[in-house]
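To be precise, the following lines are work_20.cif, and they hold mmCIF, C-alpha atoms.
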data_my_file
#
loop_
_atom_site.group_PDB
_atom_site.id
_atom_site.type_symbol
_atom_site.label_atom_id
_atom_site.label_comp_id
_atom_site.auth_asym_id
_atom_site.auth_seq_id
_atom_site.Cartn_x
_atom_site.Cartn_y
_atom_site.Cartn_z
ATOM 1 C CA MET A 1 93.975 106.040 220.017
ATOM 2 C CA SER A 2 94.021 107.591 216.551
ATOM 3 C CA ARG A 3 91.461 110.179 215.449
ATOM 4 C CA PRO A 4 89.157 109.134 212.520
ATOM 5 C CA THR A 5 90.460 110.399 209.218
ATOM 6 C CA ASP A 6 88.585 113.274 207.625
ATOM 7 C CA PRO A 7 88.462 112.593 203.837
ATOM 8 C CA PHE A 8 88.224 116.321 203.172
ATOM 9 C CA ASP A 9 91.432 116.880 205.146
ATOM 10 C CA GLU A 10 93.164 114.210 203.064
ATOM 11 C CA LEU A 11 91.946 115.815 199.847
ATOM 12 C CA ARG A 12 93.095 119.253 200.992
ATOM 13 C CA VAL A 13 96.528 117.919 201.951
ATOM 14 C CA ARG A 14 96.954 116.270 198.562
ATOM 15 C CA LEU A 15 96.005 119.462 196.751
ATOM 16 C CA GLU A 16 98.370 121.528 198.899
ATOM 17 C CA GLN A 17 101.187 119.052 198.343
ATOM 18 C CA ALA A 18 100.561 119.166 194.612
ATOM 19 C CA HIS A 19 101.035 122.955 194.735
ATOM 20 C CA ALA A 20 103.951 122.766 197.222
ATOM 21 C CA VAL A 21 102.067 124.687 199.872
ATOM 22 C CA VAL A 22 102.814 124.086 203.537
ATOM 23 C CA PRO A 23 99.504 123.965 205.443
ATOM 24 C CA ASP A 24 98.974 126.305 208.367
ATOM 25 C CA PRO A 25 97.058 124.563 211.212
ATOM 26 C CA THR A 26 95.196 127.735 212.144
ATOM 27 C CA GLN A 27 94.090 128.160 208.555
ATOM 28 C CA ALA A 28 92.993 124.531 208.442
ATOM 29 C CA ARG A 29 90.789 125.087 211.491
ATOM 30 C CA ARG A 30 89.210 128.125 209.842
ATOM 31 C CA ARG A 31 88.590 126.241 206.614
ATOM 32 C CA ARG A 32 86.583 123.400 208.143
ATOM 33 C CA PRO A 33 83.382 125.396 208.726
ATOM 34 C CA SER A 34 83.600 126.835 205.221
ATOM 35 C CA ARG A 35 83.514 123.326 203.728
ATOM 36 C CA ARG A 36 80.283 122.601 205.594
ATOM 37 C CA VAL A 37 78.776 125.855 204.379
ATOM 38 C CA ALA A 38 79.821 124.992 200.844
ATOM 39 C CA LEU A 39 78.196 121.587 201.074
ATOM 40 C CA LEU A 40 74.983 123.115 202.400
ATOM 41 C CA GLY A 41 75.064 125.549 199.512
ATOM 42 C CA VAL A 42 75.317 122.700 197.000
ATOM 43 C CA ALA A 43 72.399 120.912 198.679
ATOM 44 C CA GLY A 44 70.392 124.121 198.486
ATOM 45 C CA ILE A 45 71.081 124.389 194.770
ATOM 46 C CA LEU A 46 70.000 120.780 194.225
ATOM 47 C CA ALA A 47 66.798 121.263 196.226
ATOM 48 C CA THR A 48 65.993 124.448 194.328
ATOM 49 C CA GLY A 49 66.565 122.668 191.042
ATOM 50 C CA THR A 50 64.089 119.950 192.023
ATOM 51 C CA ALA A 51 61.439 122.519 192.925
ATOM 52 C CA VAL A 52 61.927 124.332 189.635
ATOM 53 C CA ALA A 53 61.612 121.057 187.739
ATOM 54 C CA ALA A 54 58.345 120.255 189.514
ATOM 55 C CA THR A 55 56.805 123.570 188.433
ATOM 56 C CA ALA A 56 58.290 123.666 184.934
ATOM 57 C CA PRO A 57 55.910 124.610 182.089
ATOM 58 C CA TRP A 58 54.025 121.691 180.567
ATOM 59 C CA SER A 59 52.728 121.576 177.019
ATOM 60 C CA PRO A 60 50.927 118.280 176.324
ATOM 61 C CA THR A 61 49.300 117.486 172.992
ATOM 62 C CA LEU A 62 45.541 118.060 173.054
ATOM 63 C CA GLY A 63 43.387 116.149 170.591
ATOM 64 C CA GLY A 64 44.858 114.552 167.507
ATOM 65 C CA ASP A 65 43.762 110.933 167.974
ATOM 66 C CA HIS A 66 41.397 109.679 165.259
ATOM 67 C CA GLY A 67 41.397 113.092 163.612
ATOM 68 C CA ILE A 68 40.013 114.844 166.710
ATOM 69 C CA GLU A 69 40.304 118.622 166.377
ATOM 70 C CA PRO A 70 42.274 120.148 169.284
ATOM 71 C CA PRO A 71 40.219 122.197 171.729
ATOM 72 C CA GLY A 72 42.617 125.124 172.115
ATOM 73 C CA ARG A 73 44.310 126.329 175.280
ATOM 74 C CA ALA A 74 43.149 128.815 177.894
ATOM 75 C CA SER A 75 44.115 132.449 177.545
ATOM 76 C CA ARG A 76 44.096 133.103 181.311
ATOM 77 C CA PRO A 77 44.780 131.182 184.561
ATOM 78 C CA VAL A 78 42.331 128.885 186.318
ATOM 79 C CA PRO A 79 39.723 131.095 188.068
ATOM 80 C CA ALA A 80 40.769 131.887 191.631
ATOM 81 C CA ALA A 81 37.359 130.850 192.999
ATOM 82 C CA GLN A 82 37.801 127.338 191.574
ATOM 83 C CA VAL A 83 41.268 127.060 193.095
ATOM 84 C CA GLN A 84 39.879 128.183 196.434
ATOM 85 C CA ALA A 85 37.108 125.548 196.305
ATOM 86 C CA LEU A 86 39.283 122.575 195.319
ATOM 87 C CA ALA A 87 42.405 121.474 197.183
ATOM 88 C CA VAL A 88 43.373 119.311 194.210
ATOM 89 C CA LEU A 89 43.931 122.527 192.223
ATOM 90 C CA ARG A 90 45.995 124.110 194.981
ATOM 91 C CA ARG A 91 48.629 121.399 194.952
ATOM 92 C CA PRO A 92 51.305 121.467 192.209
ATOM 93 C CA GLN A 93 51.097 119.035 189.330
ATOM 94 C CA THR A 94 52.893 115.779 190.038
ATOM 95 C CA ASP A 95 54.624 113.261 187.804
ATOM 96 C CA ALA A 96 51.377 111.259 187.842
ATOM 97 C CA ASP A 97 49.450 114.284 186.545
ATOM 98 C CA ARG A 98 51.841 114.405 183.591
ATOM 99 C CA SER A 99 52.232 110.644 183.090
ATOM 100 C CA ALA A 100 51.819 108.606 179.908
ATOM 101 C CA PRO A 101 48.190 107.573 180.650
ATOM 102 C CA VAL A 102 47.272 111.264 181.060
ATOM 103 C CA LEU A 103 49.016 112.174 177.809
ATOM 104 C CA ARG A 104 47.094 109.416 176.012
ATOM 105 C CA ALA A 105 43.814 110.593 177.505
ATOM 106 C CA LEU A 106 44.431 114.212 176.501
ATOM 107 C CA ARG A 107 44.862 113.173 172.878
ATOM 108 C CA THR A 108 41.177 112.195 172.892
ATOM 109 C CA VAL A 109 40.007 115.595 174.208
ATOM 110 C CA GLY A 110 38.652 117.534 171.256
ATOM 111 C CA ARG A 111 36.871 120.699 170.283
ATOM 112 C CA TYR A 112 33.585 118.788 170.523
ATOM 113 C CA LEU A 113 33.922 119.162 174.310
ATOM 114 C CA GLY A 114 34.798 122.845 174.325
ATOM 115 C CA THR A 115 37.808 125.082 174.154
ATOM 116 C CA GLY A 116 40.239 126.925 176.374
ATOM 117 C CA VAL A 117 41.800 124.038 178.312
ATOM 118 C CA HIS A 118 43.626 125.149 181.454
ATOM 119 C CA VAL A 119 46.631 122.853 181.016
ATOM 120 C CA GLU A 120 48.082 123.892 184.375
ATOM 121 C CA GLY A 121 44.845 122.760 186.056
ATOM 122 C CA ILE A 122 44.802 119.209 184.661
ATOM 123 C CA ARG A 123 44.957 116.615 187.444
ATOM 124 C CA ILE A 124 44.657 112.839 187.410
ATOM 125 C CA LEU A 125 41.834 111.803 189.750
ATOM 126 C CA ARG A 126 41.990 108.025 189.360
ATOM 127 C CA ARG A 127 43.833 105.488 187.258
ATOM 128 C CA HIS A 128 42.362 102.016 186.777
ATOM 129 C CA ARG A 129 43.536 99.204 184.583
ATOM 130 C CA ASP A 130 41.309 100.239 181.692
ATOM 131 C CA ARG A 131 40.256 103.793 182.646
ATOM 132 C CA THR A 132 41.843 107.159 183.310
ATOM 133 C CA ILE A 133 39.812 109.877 185.054
ATOM 134 C CA LEU A 134 41.016 113.472 184.848
ATOM 135 C CA LEU A 135 40.008 116.878 186.100
ATOM 136 C CA VAL A 136 40.071 119.215 183.091
ATOM 137 C CA PRO A 137 39.115 122.875 183.659
ATOM 138 C CA LEU A 138 37.936 124.721 180.526
ATOM 139 C CA GLN A 139 37.040 128.303 179.733
ATOM 140 C CA ARG A 140 34.092 127.182 177.605
ATOM 141 C CA VAL A 141 32.211 123.885 177.318
ATOM 142 C CA GLY A 142 30.010 123.123 174.359
ATOM 143 C CA PRO A 143 30.520 122.007 170.763
ATOM 144 C CA PRO A 144 31.211 124.566 168.033
ATOM 145 C CA GLY A 145 28.110 126.489 167.027
ATOM 146 C CA ILE A 146 26.127 125.714 170.179
ATOM 147 C CA GLY A 147 25.668 129.407 170.947
ATOM 148 C CA ARG A 148 26.750 131.517 173.887
ATOM 149 C CA ASP A 149 23.424 131.150 175.667
ATOM 150 C CA ARG A 150 23.804 127.357 175.883
ATOM 151 C CA GLU A 151 27.522 126.921 176.570
ATOM 152 C CA LEU A 152 29.126 126.675 180.007
ATOM 153 C CA ARG A 153 31.692 129.299 180.966
ATOM 154 C CA ASP A 154 34.578 128.523 183.325
ATOM 155 C CA ALA A 155 33.606 124.868 183.676
ATOM 156 C CA LEU A 156 35.160 121.962 185.542
ATOM 157 C CA CYS A 157 35.051 118.642 183.714
ATOM 158 C CA VAL A 158 35.521 115.126 185.056
ATOM 159 C CA TYR A 159 36.895 113.488 181.918
ATOM 160 C CA GLU A 160 37.068 109.705 181.631
ATOM 161 C CA THR A 161 38.657 107.683 178.876
ATOM 162 C CA ASP A 162 39.390 104.029 178.259
ATOM 163 C CA VAL A 163 42.841 103.064 177.110
ATOM 164 C CA PRO A 164 43.232 101.932 173.461
ATOM 165 C CA GLY A 165 41.659 98.558 172.839
ATOM 166 C CA ALA A 166 39.553 98.586 175.998
ATOM 167 C CA ALA A 167 36.358 98.993 173.985
ATOM 168 C CA GLY A 168 37.018 95.869 171.948
ATOM 169 C CA PRO A 169 37.109 95.609 168.145
ATOM 170 C CA PRO A 170 36.279 98.921 166.425
ATOM 171 C CA GLY A 171 32.784 99.199 164.985
ATOM 172 C CA THR A 172 31.315 101.609 162.445
ATOM 173 C CA VAL A 173 28.658 104.275 162.349
ATOM 174 C CA THR A 174 26.706 105.288 159.251
ATOM 175 C CA THR A 175 26.645 109.004 158.492
ATOM 176 C CA ARG A 176 23.810 110.907 156.794
ATOM 177 C CA SER A 177 25.547 110.494 153.473
ATOM 178 C CA GLY A 178 25.530 106.729 153.922
ATOM 179 C CA ALA A 179 29.265 106.379 154.498
ATOM 180 C CA ALA A 180 30.468 103.892 157.107
ATOM 181 C CA VAL A 181 32.918 105.622 159.428
ATOM 182 C CA PRO A 182 34.989 103.501 161.849
ATOM 183 C CA LEU A 183 34.518 104.255 165.527
ATOM 184 C CA PRO A 184 37.648 104.823 167.598
ATOM 185 C CA GLN A 185 38.663 102.292 170.200
ATOM 186 C CA HIS A 186 38.977 105.094 172.728
ATOM 187 C CA VAL A 187 35.711 105.459 174.597
ATOM 188 C CA SER A 188 35.528 108.739 176.465
ATOM 189 C CA GLY A 189 33.036 111.020 178.086
ATOM 190 C CA ALA A 190 32.871 114.019 180.379
ATOM 191 C CA ALA A 191 30.661 115.412 183.122
ATOM 192 C CA CYS A 192 31.035 119.185 183.297
ATOM 193 C CA GLY A 193 29.657 121.901 185.512
ATOM 194 C CA THR A 194 30.269 125.344 186.893
ATOM 195 C CA LEU A 195 31.501 126.216 190.365
ATOM 196 C CA ALA A 196 27.872 126.694 191.428
ATOM 197 C CA ASP A 197 27.070 123.164 190.198
ATOM 198 C CA LEU A 198 30.013 121.816 192.177
ATOM 199 C CA ARG A 199 28.738 123.387 195.381
ATOM 200 C CA ARG A 200 25.093 122.405 194.863
ATOM 201 C CA ARG A 201 25.410 118.760 193.915
ATOM 202 C CA GLY A 202 28.952 117.965 192.801
ATOM 203 C CA ILE A 203 30.050 117.200 189.250
ATOM 204 C CA GLY A 204 29.663 113.667 187.942
ATOM 205 C CA GLY A 205 27.238 110.802 188.284
ATOM 206 C CA THR A 206 25.624 108.970 191.177
ATOM 207 C CA THR A 207 28.486 106.577 191.773
ATOM 208 C CA ALA A 208 31.476 108.885 191.179
ATOM 209 C CA GLY A 209 32.123 112.582 191.081
ATOM 210 C CA LEU A 210 33.944 115.743 192.053
ATOM 211 C CA VAL A 211 33.046 117.468 195.332
ATOM 212 C CA PRO A 212 34.241 120.697 196.999
ATOM 213 C CA ASP A 213 36.595 121.012 199.944
ATOM 214 C CA GLY A 214 35.162 119.964 203.286
ATOM 215 C CA VAL A 215 33.686 116.686 202.010
ATOM 216 C CA ALA A 216 35.679 113.736 203.375
ATOM 217 C CA ARG A 217 33.304 110.864 202.570
ATOM 218 C CA VAL A 218 30.233 110.219 200.436
ATOM 219 C CA ARG A 219 27.361 107.947 201.446
ATOM 220 C CA LEU A 220 24.529 106.510 199.383
ATOM 221 C CA THR A 221 21.697 104.143 200.268
ATOM 222 C CA ALA A 222 20.771 101.805 197.422
ATOM 223 C CA ARG A 223 17.163 100.896 196.671
ATOM 224 C CA ASP A 224 17.670 97.519 198.311
ATOM 225 C CA GLY A 225 18.635 99.272 201.565
ATOM 226 C CA GLU A 226 22.373 98.658 201.439
ATOM 227 C CA THR A 227 24.526 101.628 202.454
ATOM 228 C CA LEU A 228 27.546 102.400 200.307
ATOM 229 C CA THR A 229 30.320 104.750 201.406
ATOM 230 C CA ALA A 230 33.510 105.989 199.771
ATOM 231 C CA PRO A 231 36.372 108.230 200.877
ATOM 232 C CA VAL A 232 37.137 111.439 199.020
ATOM 233 C CA ARG A 233 40.655 111.837 197.666
ATOM 234 C CA ASP A 234 41.734 114.777 195.537
ATOM 235 C CA ASN A 235 38.126 116.048 195.796
ATOM 236 C CA TYR A 236 36.927 112.913 193.958
ATOM 237 C CA TYR A 237 35.065 109.792 195.111
ATOM 238 C CA GLU A 238 34.030 106.460 193.590
ATOM 239 C CA LEU A 239 31.328 104.450 195.322
ATOM 240 C CA PRO A 240 31.924 100.666 195.277
ATOM 241 C CA VAL A 241 29.223 99.774 192.766
ATOM 242 C CA ARG A 242 30.858 98.740 189.523
ATOM 243 C CA GLY A 243 32.223 95.246 189.398
ATOM 244 C CA ARG A 244 30.104 94.018 192.344
ATOM 245 C CA PRO A 245 27.464 91.786 190.726
ATOM 246 C CA ARG A 246 24.347 91.005 192.691
ATOM 247 C CA GLY A 247 22.243 88.132 191.454
ATOM 248 C CA GLY A 248 21.339 87.718 187.787
ATOM 249 C CA ALA A 249 22.681 85.275 185.266
ATOM 250 C CA GLY A 250 26.296 86.260 184.845
ATOM 251 C CA THR A 251 28.519 89.133 185.901
ATOM 252 C CA ASP A 252 27.299 91.628 183.295
ATOM 253 C CA ALA A 253 23.642 91.072 184.113
ATOM 254 C CA GLY A 254 24.340 91.306 187.831
ATOM 255 C CA THR A 255 26.321 94.511 187.485
ATOM 256 C CA GLU A 256 23.595 95.968 185.291
ATOM 257 C CA ARG A 257 20.985 95.191 187.930
ATOM 258 C CA ARG A 258 23.155 96.669 190.657
ATOM 259 C CA LEU A 259 23.615 99.902 188.745
ATOM 260 C CA ARG A 260 19.840 100.233 188.382
ATOM 261 C CA ASP A 261 19.514 99.764 192.145
ATOM 262 C CA VAL A 262 21.365 103.049 192.782
ATOM 263 C CA SER A 263 20.150 105.012 189.778
ATOM 264 C CA GLY A 264 18.876 108.398 190.829
ATOM 265 C CA ARG A 265 19.594 107.881 194.509
ATOM 266 C CA PRO A 266 20.836 110.994 196.344
ATOM 267 C CA THR A 267 24.322 111.057 197.833
ATOM 268 C CA VAL A 268 25.087 112.434 201.287
ATOM 269 C CA TRP A 269 28.261 114.432 201.858
ATOM 270 C CA LEU A 270 30.084 113.882 205.155
ATOM 271 C CA ASP A 271 32.900 115.843 206.743
ATOM 272 C CA ALA A 272 35.943 114.370 208.500
ATOM 273 C CA ARG A 273 33.891 113.863 211.693
ATOM 274 C CA GLY A 274 31.033 112.102 209.888
ATOM 275 C CA ARG A 275 28.653 115.052 210.013
ATOM 276 C CA PRO A 276 26.523 115.907 206.936
ATOM 277 C CA VAL A 277 27.883 118.713 204.785
ATOM 278 C CA PRO A 278 25.109 120.926 203.405
ATOM 279 C CA LYS A 279 24.889 121.333 199.644
ATOM 280 C CA GLY A 280 24.303 124.736 198.164
ATOM 281 C CA ASP A 281 26.080 127.967 197.294
ATOM 282 C CA ARG A 282 28.688 128.099 200.046
#
Full structure transcribed into structure tokens:
Amino acid sequence: MSRPTDPFDELRVRLEQAHAVVPDPTQARRRRPSRRVALLGVAGILATGTAVAATAPWSPTLGGDHGIEPPGRASRPVPAAQVQALAVLRRPQTDADRSAPVLRALRTVGRYLGTGVHVEGIRILRRHRDRTILLVPLQRVGPPGIGRDRELRDALCVYETDVPGAAGPPGTVTTRSGAAVPLPQHVSGAACGTLADLRRRGIGGTTAGLVPDGVARVRLTARDGETLTAPVRDNYYELPVRGRPRGGAGTDAGTERRLRDVSGRPTVWLDARGRPVPKGDR
């Protein structure tokens, strides 16, 4: 019964024949382990290359759409306390965090929101057909000229933007001088807060928001008595409210009524075992 052919042996024999070298069996036995080591070394190089690529510097364009003034980039890393409070900041950026929808969304982030964007802290929280929701940490939040006493320092922003065209045909707004300025088709907004805000109540609205580590689910009881729950992923939750019409003449009217049903209702944070998580400075 013949032994299975080793392709590396065949290759070695061909090379030795090409150089008119007579192989020594003892040397051949010593070489076999070295080939395995060499292959493992190549695999190690490939794996290291992948890791380096995943943590490579990223320099997306900020602002620029519709003449939006860029907000400027941070001069220091994301605060360590924020990283400690949010697992989503402790994981490396992924391809999704740097994807085309994120790049489009970042072109709508302007100086009107603030300045000092921590690019390395940008994470995609959710991606829907017509919406992109990002976590954008900033050194300062507040429009130019707002004053130091009114701006937020070291803020976390849940930034949401619609994709181009999602807002329908562009409209216009009349300025003080009487000029009609076209509105962009991007519709965006942000909910921002400090680390203390995150720990006290979360950052966002009633139906969606950013929560600290330790919160696995969020529960809310609507005014009609229905209980709504949502899992937390990447420190972010979305309660199943939008797009679920309840009564009314037509989907829009029903959704509008449903949103009023939960307006102002408090959310309850739950841990992985379903126990309430206290809110406050933890």
Problem set entry | Result set, the PyMOL selection byres ((chain A and resi 197) around 10) on current file, as a PyMOL selection string | chain A and resi 155-156+192-196+198-203+211+279-281
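Minimum distance to Leu125 (chain A) across A:Ala208, A:Val241, A:Val215, A:Val277 (counting all atoms listed in the file) occurs at A:Ala208.
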Problem set entry | the PyMOL selection byres ((chain A and resi 135-137) around 6) applied to the shown file, residues as a list of chain:residue names | A:His118, A:Ile122, A:Arg123, A:Leu134, A:Leu138, A:Ala155, A:Leu156, A:Cys157, A:Val158
For this session: Considering only C-alpha atoms, state which residue in the set A:Gly225, A:Gly110, A:Pro71, A:Pro278 is at the smallest distance from Val262 (chain A).
Result: A:Gly225
Problem set entry | Neighbour list for Tyr112 (chain A) as number ranges by chain, cut-off 12 Å, only C-alpha atoms, skip fewer than 3 positions in-chain | A: 63, 67-72, 108-109, 115, 140-146, 151, 188-190
